[in-house]
$ cat final.cif   # mmCIF, C-alpha atoms
data_start
loop_
_atom_site.label_atom_id
_atom_site.label_comp_id
_atom_site.auth_asym_id
_atom_site.auth_seq_id
_atom_site.Cartn_x
_atom_site.Cartn_y
_atom_site.Cartn_z
CA MET A 1 74.55 70.03 90.81
CA GLN A 2 75.53 73.57 89.81
CA ILE A 3 79.08 74.61 88.92
CA THR A 4 80.59 77.50 86.99
CA VAL A 5 82.77 76.95 83.94
CA ASN A 6 84.75 79.99 82.80
CA GLU A 7 82.42 82.07 85.00
CA GLN A 8 79.26 80.75 83.27
CA ASN A 9 76.75 78.68 85.24
CA HIS A 10 76.47 75.03 84.21
CA THR A 11 74.61 72.00 85.47
CA ALA A 12 76.82 68.97 86.10
CA GLN A 13 75.92 65.40 87.03
CA ALA A 14 76.71 64.21 90.55
CA ASN A 15 80.29 62.89 90.72
CA GLU A 16 81.09 64.24 87.25
CA THR A 17 84.83 64.70 86.69
CA ALA A 18 86.70 67.79 85.54
CA GLY A 19 87.74 65.88 82.41
CA SER A 20 84.13 65.12 81.56
CA ILE A 21 83.24 68.80 81.82
CA ARG A 22 86.19 69.67 79.59
CA ASP A 23 85.08 67.13 76.98
CA ARG A 24 81.57 68.58 76.98
CA ILE A 25 82.45 72.31 76.95
CA LYS A 26 85.98 72.96 75.65
CA THR A 27 87.53 69.84 74.18
CA ASP A 28 90.80 71.52 73.23
CA ALA A 29 91.53 72.89 76.74
CA ASP A 30 94.85 71.62 78.04
CA LEU A 31 94.70 73.21 81.48
CA ILE A 32 91.93 72.68 84.03
CA ILE A 33 91.71 74.94 87.10
CA VAL A 34 89.30 74.01 89.90
CA ASN A 35 88.70 76.57 92.66
CA GLY A 36 91.86 78.45 91.81
CA PHE A 37 94.18 75.45 91.62
CA PRO A 38 95.32 73.25 88.71
CA ALA A 39 93.44 69.96 88.69
CA SER A 40 93.69 66.64 86.85
CA ALA A 41 90.99 65.35 84.49
CA GLU A 42 90.08 62.69 87.07
CA THR A 43 89.18 65.26 89.75
CA VAL A 44 85.63 64.66 90.95
CA LEU A 45 83.66 67.90 91.11
CA ASN A 46 81.41 69.09 93.90
CA ASN A 47 78.39 71.39 93.90
CA GLY A 48 79.49 75.05 93.67
CA ASP A 49 82.94 74.34 92.22
CA GLN A 50 84.47 76.98 89.98
CA VAL A 51 86.06 75.41 86.91
CA VAL A 52 88.20 77.28 84.39
CA LEU A 53 89.22 75.63 81.12
CA ILE A 54 92.23 77.11 79.35
CA ARG A 55 93.90 76.35 76.05
CA ARG A 56 97.54 77.42 76.42
CA GLY A 57 98.68 80.01 73.89
CA GLU A 58 95.15 80.89 72.78
CA VAL A 59 94.47 84.61 73.02
CA PRO A 60 90.96 84.86 74.49
CA GLY A 61 88.28 87.37 73.62
CA VAL A 62 87.75 90.31 75.97
CA ASP A 63 84.70 88.72 77.62
CA GLU A 64 86.52 85.50 78.42
CA LEU A 65 89.74 87.20 79.55
CA ASP A 66 88.50 88.31 82.94
CA ALA A 67 87.44 84.78 83.87
CA LEU A 68 90.76 83.36 82.73
CA LEU A 69 92.82 86.04 84.50
CA THR A 70 91.04 85.32 87.74
CA ALA A 71 91.38 81.54 87.44
CA ARG A 72 94.36 81.42 89.81
CA HIS A 73 92.83 83.75 92.37
CA THR A 74 91.46 82.10 95.45
CA PRO A 75 87.71 82.69 94.87
CA GLY A 76 86.93 84.55 98.13
CA VAL A 77 90.00 86.73 97.67
CA HIS A 78 89.06 87.92 94.21
CA GLN A 79 85.58 88.97 95.30
CA ALA A 80 87.09 91.01 98.14
CA VAL A 81 89.71 92.86 96.09
CA LYS A 82 87.94 93.58 92.82
CA GLY A 83 85.68 96.20 94.40
CA ALA A 84 88.58 97.93 96.17
CA THR A 85 90.12 101.34 95.46
CA ILE A 86 93.74 101.76 96.59
CA GLY A 87 95.78 104.97 96.40
CA ILE A 88 99.52 104.83 95.68
CA ALA A 89 101.47 108.05 96.34
CA GLY A 90 104.69 107.92 94.37
CA VAL A 91 105.41 105.35 91.66
CA GLY A 92 109.18 104.94 91.89
CA GLY A 93 110.88 101.82 93.18
CA LEU A 94 108.21 101.02 95.75
CA GLY A 95 105.07 102.33 94.06
CA SER A 96 105.64 100.81 90.61
CA ALA A 97 106.19 97.35 92.10
CA ILE A 98 103.24 97.69 94.49
CA ALA A 99 100.91 98.73 91.64
CA ILE A 100 101.95 95.74 89.56
CA ALA A 101 101.47 93.32 92.48
CA LEU A 102 98.02 94.74 93.27
CA ALA A 103 96.98 94.68 89.59
CA ARG A 104 98.05 91.04 89.30
CA THR A 105 96.03 90.34 92.46
CA GLY A 106 92.98 91.82 90.76
CA VAL A 107 92.45 94.99 92.82
CA GLY A 108 89.73 96.79 90.88
CA HIS A 109 90.84 100.43 90.97
CA LEU A 110 94.27 101.96 91.53
CA ILE A 111 94.84 105.71 91.93
CA ILE A 112 98.50 106.42 91.14
CA ALA A 113 100.09 109.86 91.56
CA ASP A 114 103.62 111.10 90.82
CA PHE A 115 105.15 114.23 89.20
CA ASP A 116 108.27 112.51 87.83
CA VAL A 117 109.32 111.19 84.41
CA VAL A 118 111.15 107.92 83.69
CA GLU A 119 114.93 108.37 83.67
CA PRO A 120 117.73 105.88 82.93
CA SER A 121 118.84 106.01 86.59
CA ASN A 122 115.41 104.65 87.61
CA LEU A 123 115.86 101.37 85.78
CA ASN A 124 118.06 99.81 88.49
CA ARG A 125 114.98 99.18 90.63
CA GLN A 126 111.82 100.69 89.19
CA GLN A 127 109.33 98.78 87.03
CA TYR A 128 109.91 100.75 83.81
CA PHE A 129 111.55 99.99 80.47
CA VAL A 130 114.14 101.64 78.23
CA ASP A 131 111.46 102.52 75.68
CA GLN A 132 109.55 104.47 78.40
CA ILE A 133 112.41 106.92 79.18
CA GLY A 134 111.06 110.47 79.15
CA LEU A 135 107.41 109.50 79.76
CA PRO A 136 105.66 110.62 82.92
CA LYS A 137 105.90 107.62 85.25
CA VAL A 138 102.16 107.46 85.93
CA TYR A 139 101.37 107.13 82.19
CA ALA A 140 104.15 104.60 81.59
CA LEU A 141 102.91 102.55 84.55
CA ARG A 142 99.28 102.79 83.41
CA ASP A 143 100.34 101.32 80.06
CA THR A 144 102.23 98.50 81.76
CA LEU A 145 99.30 97.71 84.06
CA ALA A 146 96.94 97.56 81.06
CA ARG A 147 99.27 95.02 79.44
CA ILE A 148 99.09 92.88 82.61
CA ASN A 149 95.41 93.18 83.44
CA PRO A 150 93.17 95.39 81.29
CA HIS A 151 90.30 94.99 83.75
CA VAL A 152 92.05 97.03 86.45
CA ARG A 153 90.88 100.64 86.36
CA VAL A 154 93.82 103.03 86.74
CA THR A 155 93.46 106.72 87.59
CA ALA A 156 96.80 108.30 86.71
CA CYS A 157 97.56 111.71 88.24
CA HIS A 158 100.65 113.44 86.86
CA LEU A 159 101.16 116.04 89.58
CA ARG A 160 103.18 116.88 92.66
CA LEU A 161 101.25 115.85 95.76
CA SER A 162 100.94 118.49 98.46
CA PRO A 163 98.80 119.18 101.53
CA VAL A 164 96.46 121.07 99.18
CA ASN A 165 95.63 118.25 96.72
CA ILE A 166 96.16 114.97 98.66
CA LYS A 167 92.60 114.77 100.01
CA GLU A 168 91.17 115.37 96.55
CA VAL A 169 93.43 112.96 94.65
CA PHE A 170 92.95 110.15 97.19
CA GLY A 171 89.42 110.97 98.32
CA HIS A 172 88.13 107.59 97.06
CA ALA A 173 91.11 105.53 98.28
CA GLN A 174 90.06 103.23 101.10
CA ILE A 175 93.73 102.50 101.87
CA LEU A 176 96.68 104.77 101.05
CA VAL A 177 100.10 103.41 100.15
CA GLU A 178 102.97 105.79 100.89
CA ALA A 179 105.70 105.15 98.32
CA PHE A 180 107.66 108.42 98.23
CA ASP A 181 111.43 108.75 98.33
CA LEU A 182 112.19 111.66 100.68
CA ALA A 183 111.50 111.28 104.42
CA ASP A 184 109.92 114.72 104.90
CA GLN A 185 107.54 114.06 101.98
CA LYS A 186 106.57 110.68 103.45
CA VAL A 187 105.75 112.36 106.77
CA MET A 188 103.83 115.18 105.05
CA LEU A 189 101.71 112.66 103.11
CA ILE A 190 100.94 110.51 106.16
CA GLU A 191 99.91 113.39 108.42
CA THR A 192 97.85 115.10 105.72
CA PHE A 193 95.91 111.97 104.76
CA ALA A 194 95.47 110.86 108.40
CA ALA A 195 94.16 114.28 109.43
CA ARG A 196 91.50 114.22 106.69
CA PHE A 197 90.66 110.49 106.80
CA PRO A 198 91.45 109.39 110.38
CA ASP A 199 89.80 105.96 110.00
CA ARG A 200 91.59 104.86 106.83
CA SER A 201 94.73 102.73 106.91
CA ILE A 202 98.07 103.94 105.57
CA VAL A 203 100.88 101.57 104.56
CA THR A 204 104.28 103.26 104.53
CA GLY A 205 107.75 102.16 103.44
CA SER A 206 110.72 103.11 105.62
CA GLY A 207 114.19 101.58 105.56
CA MET A 208 114.96 99.49 102.46
CA ALA A 209 118.22 100.92 101.06
CA GLY A 210 121.44 98.98 100.60
CA PHE A 211 122.03 95.24 100.43
CA GLY A 212 121.63 94.20 104.06
CA PRO A 213 119.75 91.00 104.84
CA ALA A 214 116.24 90.86 103.38
CA ASN A 215 115.08 89.29 106.66
CA THR A 216 115.40 92.59 108.53
CA ILE A 217 112.53 94.03 106.47
CA LYS A 218 109.29 93.60 108.41
CA THR A 219 105.67 94.76 108.51
CA GLN A 220 104.71 96.45 111.79
CA GLN A 221 101.71 98.36 113.07
CA VAL A 222 103.27 101.58 114.42
CA ALA A 223 100.10 103.63 115.07
CA SER A 224 96.34 102.99 115.12
CA THR A 225 96.02 103.33 111.34
CA LEU A 226 99.68 103.24 110.22
CA TYR A 227 101.59 100.16 109.08
CA LEU A 228 105.32 100.41 108.40
CA CYS A 229 107.17 98.10 106.00
CA GLY A 230 110.96 98.14 106.01
CA ASP A 231 113.82 97.77 108.45
CA GLY A 232 112.89 101.15 109.93
CA SER A 233 116.39 102.57 109.78
CA THR A 234 118.41 102.09 106.58
CA ALA A 235 118.00 105.39 104.73
CA ALA A 236 119.10 105.96 101.16
CA ALA A 237 122.46 107.76 101.43
CA PRO A 238 125.77 108.03 99.57
CA GLY A 239 127.28 104.55 99.69
CA THR A 240 123.90 103.01 100.60
CA GLY A 241 121.94 103.15 97.38
CA LEU A 242 118.49 101.83 96.58
CA MET A 243 118.62 98.49 94.81
CA ALA A 244 116.00 96.28 93.23
CA PRO A 245 116.13 93.34 95.68
CA ARG A 246 115.48 95.09 99.02
CA VAL A 247 113.22 97.74 97.48
CA GLY A 248 111.26 94.86 95.96
CA VAL A 249 111.03 93.04 99.29
CA ALA A 250 109.71 96.18 101.03
CA ALA A 251 107.29 96.92 98.15
CA HIS A 252 105.80 93.45 98.35
CA HIS A 253 105.50 93.72 102.13
CA GLN A 254 103.41 96.83 101.43
CA ALA A 255 101.33 95.12 98.74
CA ASN A 256 100.71 92.14 101.04
CA ALA A 257 99.74 94.47 103.89
CA VAL A 258 97.13 96.05 101.58
CA LEU A 259 95.81 92.62 100.58
CA ARG A 260 95.54 91.52 104.21
CA LEU A 261 93.75 94.72 105.19
CA LEU A 262 91.27 94.20 102.34
CA LEU A 263 90.65 90.67 103.63
CA GLY A 264 90.06 91.98 107.16
CA LYS A 265 93.27 90.50 108.55
CA ALA A 266 95.99 92.17 110.61
CA PRO A 267 98.92 92.91 108.28
CA GLU A 268 101.63 92.24 110.86
CA ASP A 269 100.66 88.85 112.33
CA GLU A 270 98.22 85.97 112.22
CA ALA A 271 96.27 87.06 115.31
CA MET B 1 103.08 114.19 135.31
CA GLU B 2 103.55 110.98 133.38
CA ILE B 3 102.77 110.12 129.75
CA ILE B 4 103.18 106.89 127.81
CA PHE B 5 105.86 107.61 125.23
CA ASN B 6 106.41 104.91 122.58
CA GLY B 7 104.84 102.36 124.91
CA LYS B 8 106.82 103.27 128.04
CA PRO B 9 106.06 105.61 130.97
CA ARG B 10 107.96 108.89 130.88
CA GLU B 11 108.07 111.73 133.45
CA LEU B 12 107.43 115.14 131.96
CA LYS B 13 107.09 118.70 133.24
CA ALA B 14 103.43 119.76 133.31
CA GLY B 15 102.48 121.96 130.37
CA THR B 16 105.08 120.59 127.96
CA SER B 17 104.03 120.83 124.32
CA ILE B 18 104.72 118.04 121.82
CA GLN B 19 107.12 120.31 119.95
CA GLU B 20 109.05 121.01 123.17
CA LEU B 21 109.36 117.29 123.84
CA LEU B 22 110.59 116.64 120.28
CA ASP B 23 113.14 119.45 120.73
CA GLN B 24 114.36 117.95 124.02
CA LEU B 25 114.81 114.61 122.26
CA ARG B 26 116.47 116.33 119.27
CA LEU B 27 113.88 114.83 116.91
CA ASP B 28 113.27 116.67 113.63
CA CYS B 29 109.53 117.14 113.18
CA LEU B 30 110.01 116.79 109.40
CA GLN B 31 111.21 113.20 109.83
CA VAL B 32 108.73 111.84 112.38
CA VAL B 33 105.05 110.92 112.38
CA VAL B 34 103.42 111.84 115.70
CA GLU B 35 100.36 110.03 117.06
CA HIS B 36 98.80 111.70 120.08
CA ASN B 37 96.09 109.74 121.93
CA HIS B 38 95.62 107.50 118.87
CA ASN B 39 95.30 110.35 116.36
CA ILE B 40 98.07 111.22 113.92
CA ILE B 41 98.55 114.99 114.05
CA THR B 42 100.04 117.42 111.55
CA ARG B 43 103.30 119.27 112.20
CA GLN B 44 101.41 122.58 112.38
CA ARG B 45 99.74 121.41 115.59
CA LEU B 46 102.84 120.14 117.42
CA ALA B 47 103.60 123.47 119.14
CA GLU B 48 100.02 124.23 120.14
CA THR B 49 99.29 120.75 121.54
CA THR B 50 100.08 120.52 125.25
CA LEU B 51 100.57 117.10 126.82
CA ASN B 52 98.45 116.04 129.78
CA ASP B 53 98.95 113.42 132.48
CA GLY B 54 98.10 109.96 131.12
CA ASP B 55 98.41 110.91 127.42
CA THR B 56 99.86 108.43 124.98
CA LEU B 57 102.36 109.58 122.38
CA GLU B 58 103.87 107.53 119.59
CA VAL B 59 106.72 109.09 117.63
CA ILE B 60 107.65 107.14 114.52
CA HIS B 61 110.92 108.00 112.82
CA ILE B 62 110.68 107.74 109.03
CA VAL B 63 113.77 107.38 106.83
CA GLY B 64 114.15 108.19 103.13
CA GLY B 65 114.23 105.81 100.19
CA GLY B 66 111.69 104.30 97.87
#

$ encode --input "final.cif" --output "C-alpha cells"
Amino acid sequence: MQITVNEQNHTAQANETAGSIRDRIKTDADLIIVNGFPASAETVLNNGDQVVLIRRGEVPGVDELDALLTARHTPGVHQAVKGATIGIAGVGGLGSAIAIALARTGVGHLIIADFDVVEPSNLNRQQYFVDQIGLPKVYALRDTLARINPHVRVTACHLRLSPVNIKEVFGHAQILVEAFDLADQKVMLIETFAARFPDRSIVTGSGMAGFGPANTIKTQQVASTLYLCGDGSTAAAPGTGLMAPRVGVAAHHQANAVLRLLLGKAPEDEA
Amino acid sequence: MEIIFNGKPRELKAGTSIQELLDQLRLDCLQVVVEHNHNIITRQRLAETTLNDGDTLEVIHIVGGG
C-alpha cells in the first residue's frame, strides 16, 4: 500500500505499523503523527495514511520544515487554506492576533495593511514586543509571522487605507478581515470593499472592549456578505478600555470565521 | 408603502430616501453599514437612493475598538 512519510511517497506492507515505518525511515524520531494526530508505535497503518516522523528539538532543514509544520493540520484543511489569500485591514489588537492565528493555520498568503507604528501603549493587547517599539506594525508583524511559519507569504503595506487605495491593496484578497479601531473607518472599509467586490466575504469586529463576559462575543451573519464578530455594542470608551482577553476572543472568532469560509462552511452555525 | 427593515415590516412614506430614514431614526451614517436589497451601499449613495415598496434594508450599527 502507498503512504506518505514526511510528505514523501513510500510503499508500506499491508498492516505495517507506524513503529515499523519509523524504524525503517527515521529511527531517532520520538514523535509519530498519523493523519494529523499523535499516534503510538503500535498503530496499524492504512493505504493513503499521512505519517510524519519528528525528532523533538531537532531543527529541520528548510525542505523538511513545511511537512513538519503541517503535521498537526487536518489534511483536508491544509490543502484548502494553503492556496488562500486573505486581506487584513489594520494590525492592532484584532489584526495582529488574526494574522498569527491564520499563519499558524497555514493560510498561504496574507495581505496586511496599517499606517501605525508599535507604541508601548499597544502592548496591553497587541501581538508585538518591547524590542519592536517604533517599528511600523506591518513590518514588525511580518517578522513575527516569519518566525512562526516562514512558508506563509506576507504582503506588508505600510500605508493609510482609504477609499482610493483599498481596492488596489486588497484586489487579490478573497476574504477581507476588518480589524480597524475607529467605527467610521470600519464602515468606510466595509462599504468601499463591498462596492468593488460585491461577492467577496468581509469579516468585521464590533464590540469587544472592557471585561464583560467572553460569552457575549458571537459570530453573526449580518448581511449577505458581512459577518460580525463581537458583542455588537461595547465600544472602546473612557472607562471601558480594550484589553487582551476580550480582544483576543473577538480576534479568534474572526480568524475562525475566515477558516470556516475557506472550508465552505457557514461561519455562524453548523447548518 | 412597506419595506422590510432589519427583518421586520415597517410602514414608510413613499419616496423616502435611505438617508431620510436614517435621519428619522437618528442613525449616524458614519457608524452604520447599510445593505439595500442585498447589496452593501456606500454613504455617498444614501441620499440618492429612494426606497420602494417591498425593499429590504439592513442597517448594521458598528462600534469602535480593535

$ resolve_selection --input "final.cif" --expression "the PyMOL selection byres ((chain A and resi 44) around 7)" --output "short mmCIF file (atom, residue, chain, number, x, y, z; two decimals) with C-alpha atoms, keeping the file's coordinate frame"
data_model
loop_
_atom_site.label_atom_id
_atom_site.label_comp_id
_atom_site.auth_asym_id
_atom_site.auth_seq_id
_atom_site.Cartn_x
_atom_site.Cartn_y
_atom_site.Cartn_z
CA ASN A 15 80.29 62.89 90.72
CA GLU A 16 81.09 64.24 87.25
CA THR A 17 84.83 64.70 86.69
CA ALA A 18 86.70 67.79 85.54
CA GLU A 42 90.08 62.69 87.07
CA THR A 43 89.18 65.26 89.75
CA LEU A 45 83.66 67.90 91.11
CA ASN A 46 81.41 69.09 93.90
#

$ closest_residue --input "final.cif" --among "A:Pro163, A:Gly92, A:Gly83, A:Gly248" --to "A:Pro136" --atoms "only C-alpha atoms"
A:Gly92

$ residues_near_point --input "final.cif" --point "(105.3, 104.1, 85.9)" --cutoff "8 Å" --atoms "all atoms listed in the file" --output "ChimeraX atom specification"
/A:91-92,96,118,127-128,136-142,144

$ residues_near_point --input "final.cif" --point "(97.6, 109.3, 106.9)" --cutoff "8 Å" --atoms "all atoms listed in the file" --output "PDB file with C-alpha atoms, in the coordinates of the input"
ATOM      1  CA  LEU A 176      96.680 104.770 101.050  1.00  0.00           C
ATOM      2  CA  LEU A 189     101.710 112.660 103.110  1.00  0.00           C
ATOM      3  CA  ILE A 190     100.940 110.510 106.160  1.00  0.00           C
ATOM      4  CA  GLU A 191      99.910 113.390 108.420  1.00  0.00           C
ATOM      5  CA  THR A 192      97.850 115.100 105.720  1.00  0.00           C
ATOM      6  CA  PHE A 193      95.910 111.970 104.760  1.00  0.00           C
ATOM      7  CA  ALA A 194      95.470 110.860 108.400  1.00  0.00           C
ATOM      8  CA  ALA A 195      94.160 114.280 109.430  1.00  0.00           C
ATOM      9  CA  ARG A 196      91.500 114.220 106.690  1.00  0.00           C
ATOM     10  CA  PHE A 197      90.660 110.490 106.800  1.00  0.00           C
ATOM     11  CA  PRO A 198      91.450 109.390 110.380  1.00  0.00           C
ATOM     12  CA  ARG A 200      91.590 104.860 106.830  1.00  0.00           C
ATOM     13  CA  SER A 201      94.730 102.730 106.910  1.00  0.00           C
ATOM     14  CA  ILE A 202      98.070 103.940 105.570  1.00  0.00           C
ATOM     15  CA  THR A 225      96.020 103.330 111.340  1.00  0.00           C
ATOM     16  CA  LEU A 226      99.680 103.240 110.220  1.00  0.00           C
TER      17      LEU A 226
ATOM     18  CA  ILE B  40      98.070 111.220 113.920  1.00  0.00           C
TER      19      ILE B  40
END

$ interface_residues --input "final.cif" --of "chain A" --to "chain B" --cutoff "6 Å" --atoms "all atoms listed in the file" --output "list of chain:residue names"
A:Gly93, A:Leu94, A:Phe180, A:Asp181, A:Leu182, A:Ala183, A:Asp184, A:Val187, A:Glu191, A:Ser206, A:Gly207, A:Ser224, A:Ala235, A:Ala236

$ resolve_selection --input "final.cif" --expression "the PyMOL selection byres ((chain B and resi 47) around 12)" --output "PDB file with C-alpha atoms, in the frame of the given file"
ATOM      1  CA  GLY B  15     102.480 121.960 130.370  1.00  0.00           C
ATOM      2  CA  THR B  16     105.080 120.590 127.960  1.00  0.00           C
ATOM      3  CA  SER B  17     104.030 120.830 124.320  1.00  0.00           C
ATOM      4  CA  ILE B  18     104.720 118.040 121.820  1.00  0.00           C
ATOM      5  CA  GLN B  19     107.120 120.310 119.950  1.00  0.00           C
ATOM      6  CA  GLU B  20     109.050 121.010 123.170  1.00  0.00           C
ATOM      7  CA  LEU B  21     109.360 117.290 123.840  1.00  0.00           C
ATOM      8  CA  LEU B  22     110.590 116.640 120.280  1.00  0.00           C
ATOM      9  CA  ASP B  23     113.140 119.450 120.730  1.00  0.00           C
ATOM     10  CA  CYS B  29     109.530 117.140 113.180  1.00  0.00           C
ATOM     11  CA  ILE B  41      98.550 114.990 114.050  1.00  0.00           C
ATOM     12  CA  THR B  42     100.040 117.420 111.550  1.00  0.00           C
ATOM     13  CA  ARG B  43     103.300 119.270 112.200  1.00  0.00           C
ATOM     14  CA  GLN B  44     101.410 122.580 112.380  1.00  0.00           C
ATOM     15  CA  ARG B  45      99.740 121.410 115.590  1.00  0.00           C
ATOM     16  CA  LEU B  46     102.840 120.140 117.420  1.00  0.00           C
ATOM     17  CA  GLU B  48     100.020 124.230 120.140  1.00  0.00           C
ATOM     18  CA  THR B  49      99.290 120.750 121.540  1.00  0.00           C
ATOM     19  CA  THR B  50     100.080 120.520 125.250  1.00  0.00           C
ATOM     20  CA  LEU B  51     100.570 117.100 126.820  1.00  0.00           C
TER      21      LEU B  51
END

$ atom_distance --input "final.cif" --atom1 "atom CA of A:Ile25" --atom2 "atom CA of A:Val51"
11.0 Å

$ residues_around --input "final.cif" --residues "A:Ala214" --least-positions-apart "4" --cutoff "10 Å" --atoms "only C-alpha atoms" --output "PDB file with C-alpha atoms, in the coordinates of the input"
ATOM      1  CA  MET A 208     114.960  99.490 102.460  1.00  0.00           C
ATOM      2  CA  LYS A 218     109.290  93.600 108.410  1.00  0.00           C
ATOM      3  CA  GLY A 230     110.960  98.140 106.010  1.00  0.00           C
ATOM      4  CA  ASP A 231     113.820  97.770 108.450  1.00  0.00           C
ATOM      5  CA  PRO A 245     116.130  93.340  95.680  1.00  0.00           C
ATOM      6  CA  ARG A 246     115.480  95.090  99.020  1.00  0.00           C
ATOM      7  CA  VAL A 247     113.220  97.740  97.480  1.00  0.00           C
ATOM      8  CA  GLY A 248     111.260  94.860  95.960  1.00  0.00           C
ATOM      9  CA  VAL A 249     111.030  93.040  99.290  1.00  0.00           C
ATOM     10  CA  ALA A 250     109.710  96.180 101.030  1.00  0.00           C
TER      11      ALA A 250
END

$ closest_residue --input "final.cif" --among "A:Asn165, A:Leu145, A:Gly106, A:Ala97" --to "A:His253" --atoms "only C-alpha atoms"
A:Ala97

$ atom_distance --input "final.cif" --atom1 "atom CA of A:Gly19" --atom2 "atom CA of A:Arg72"
18.4 Å

$ atom_distance --input "final.cif" --atom1 "atom CA of A:Leu53" --atom2 "atom CA of A:Leu69"
11.5 Å

$ residues_around --input "final.cif" --residues "A:Asp143" --least-positions-apart "6" --cutoff "10 Å" --atoms "all atoms listed in the file" --output "count of residues only"
4

$ residues_around --input "final.cif" --residues "B:Met1" --least-positions-apart "2" --cutoff "6 Å" --atoms "all atoms listed in the file" --output "list in words"
Glu11, Leu12, Ala14 and Asp53 of chain B

$ closest_residue --input "final.cif" --among "A:Ala237, A:Ile111, A:Val34, A:Ala244" --to "A:Leu68" --atoms "all atoms listed in the file"
A:Val34

$ closest_residue --input "final.cif" --among "A:Leu159, A:Ala113, A:Leu102, A:Ala89" --to "A:Met188" --atoms "all atoms listed in the file"
A:Ala89

$ resolve_selection --input "final.cif" --expression "the PyMOL selection byres ((chain A and resi 52) around 12)" --output "PyMOL selection string"
chain A and resi 3-10+18-19+21-22+25-26+29-39+49-51+53-55+64-73+75

$ closest_residue --input "final.cif" --among "A:Ile86, A:Val169, A:Ile133, A:Ile217" --to "A:His252" --atoms "all atoms listed in the file"
A:Ile217

$ residues_around --input "final.cif" --residues "stretch 254-265 of chain A" --least-positions-apart "4" --cutoff "7 Å" --atoms "all atoms listed in the file" --output "PyMOL selection string"
chain A and resi 80-81+98+101-102+203+229+250

$ residues_around --input "final.cif" --residues "B:Gly54" --least-positions-apart "3" --cutoff "8 Å" --atoms "only C-alpha atoms" --output "PyMOL selection string"
chain B and resi 1-4

$ decode --input "final.cif" --residues "stretch 21-63 of chain B" --atoms "C-alpha atoms" --output "mmCIF file, in the first residue's frame"
data_model
loop_
_atom_site.group_PDB
_atom_site.id
_atom_site.type_symbol
_atom_site.label_atom_id
_atom_site.label_comp_id
_atom_site.auth_asym_id
_atom_site.auth_seq_id
_atom_site.Cartn_x
_atom_site.Cartn_y
_atom_site.Cartn_z
ATOM 1 C CA LEU B 21 -34.890 57.169 7.045
ATOM 2 C CA LEU B 22 -31.532 57.161 8.861
ATOM 3 C CA ASP B 23 -32.154 60.781 9.893
ATOM 4 C CA GLN B 24 -35.621 59.903 11.219
ATOM 5 C CA LEU B 25 -34.070 57.099 13.259
ATOM 6 C CA ARG B 26 -31.222 59.402 14.382
ATOM 7 C CA LEU B 27 -28.639 56.967 12.989
ATOM 8 C CA ASP B 28 -25.238 58.412 12.064
ATOM 9 C CA CYS B 29 -24.336 57.242 8.562
ATOM 10 C CA LEU B 30 -20.656 57.187 9.604
ATOM 11 C CA GLN B 31 -21.374 54.449 12.158
ATOM 12 C CA VAL B 32 -23.663 52.121 10.201
ATOM 13 C CA VAL B 33 -23.277 49.717 7.299
ATOM 14 C CA VAL B 34 -26.349 49.810 5.032
ATOM 15 C CA GLU B 35 -27.413 46.845 2.898
ATOM 16 C CA HIS B 36 -30.164 47.655 0.411
ATOM 17 C CA ASN B 37 -31.758 44.698 -1.400
ATOM 18 C CA HIS B 38 -28.760 42.509 -0.501
ATOM 19 C CA ASN B 39 -26.117 44.986 -1.687
ATOM 20 C CA ILE B 40 -23.984 46.986 0.718
ATOM 21 C CA ILE B 41 -24.014 50.596 -0.465
ATOM 22 C CA THR B 42 -21.611 53.460 0.139
ATOM 23 C CA ARG B 43 -22.557 56.519 2.194
ATOM 24 C CA GLN B 44 -22.383 58.702 -0.928
ATOM 25 C CA ARG B 45 -25.417 56.889 -2.326
ATOM 26 C CA LEU B 46 -27.650 57.043 0.769
ATOM 27 C CA ALA B 47 -29.305 60.355 -0.174
ATOM 28 C CA GLU B 48 -29.856 59.499 -3.832
ATOM 29 C CA THR B 49 -31.299 56.025 -3.179
ATOM 30 C CA THR B 50 -35.082 56.106 -2.824
ATOM 31 C CA LEU B 51 -36.832 53.199 -1.119
ATOM 32 C CA ASN B 52 -39.571 51.296 -2.934
ATOM 33 C CA ASP B 53 -42.413 49.110 -1.703
ATOM 34 C CA GLY B 54 -41.106 45.637 -0.818
ATOM 35 C CA ASP B 55 -37.429 46.678 -0.497
ATOM 36 C CA THR B 56 -35.279 45.090 2.162
ATOM 37 C CA LEU B 57 -32.943 47.224 4.230
ATOM 38 C CA GLU B 58 -30.436 46.060 6.800
ATOM 39 C CA VAL B 59 -28.760 48.713 8.921
ATOM 40 C CA ILE B 60 -25.860 47.384 10.970
ATOM 41 C CA HIS B 61 -24.515 49.579 13.743
ATOM 42 C CA ILE B 62 -20.732 49.293 14.107
ATOM 43 C CA VAL B 63 -18.929 50.318 17.296
#
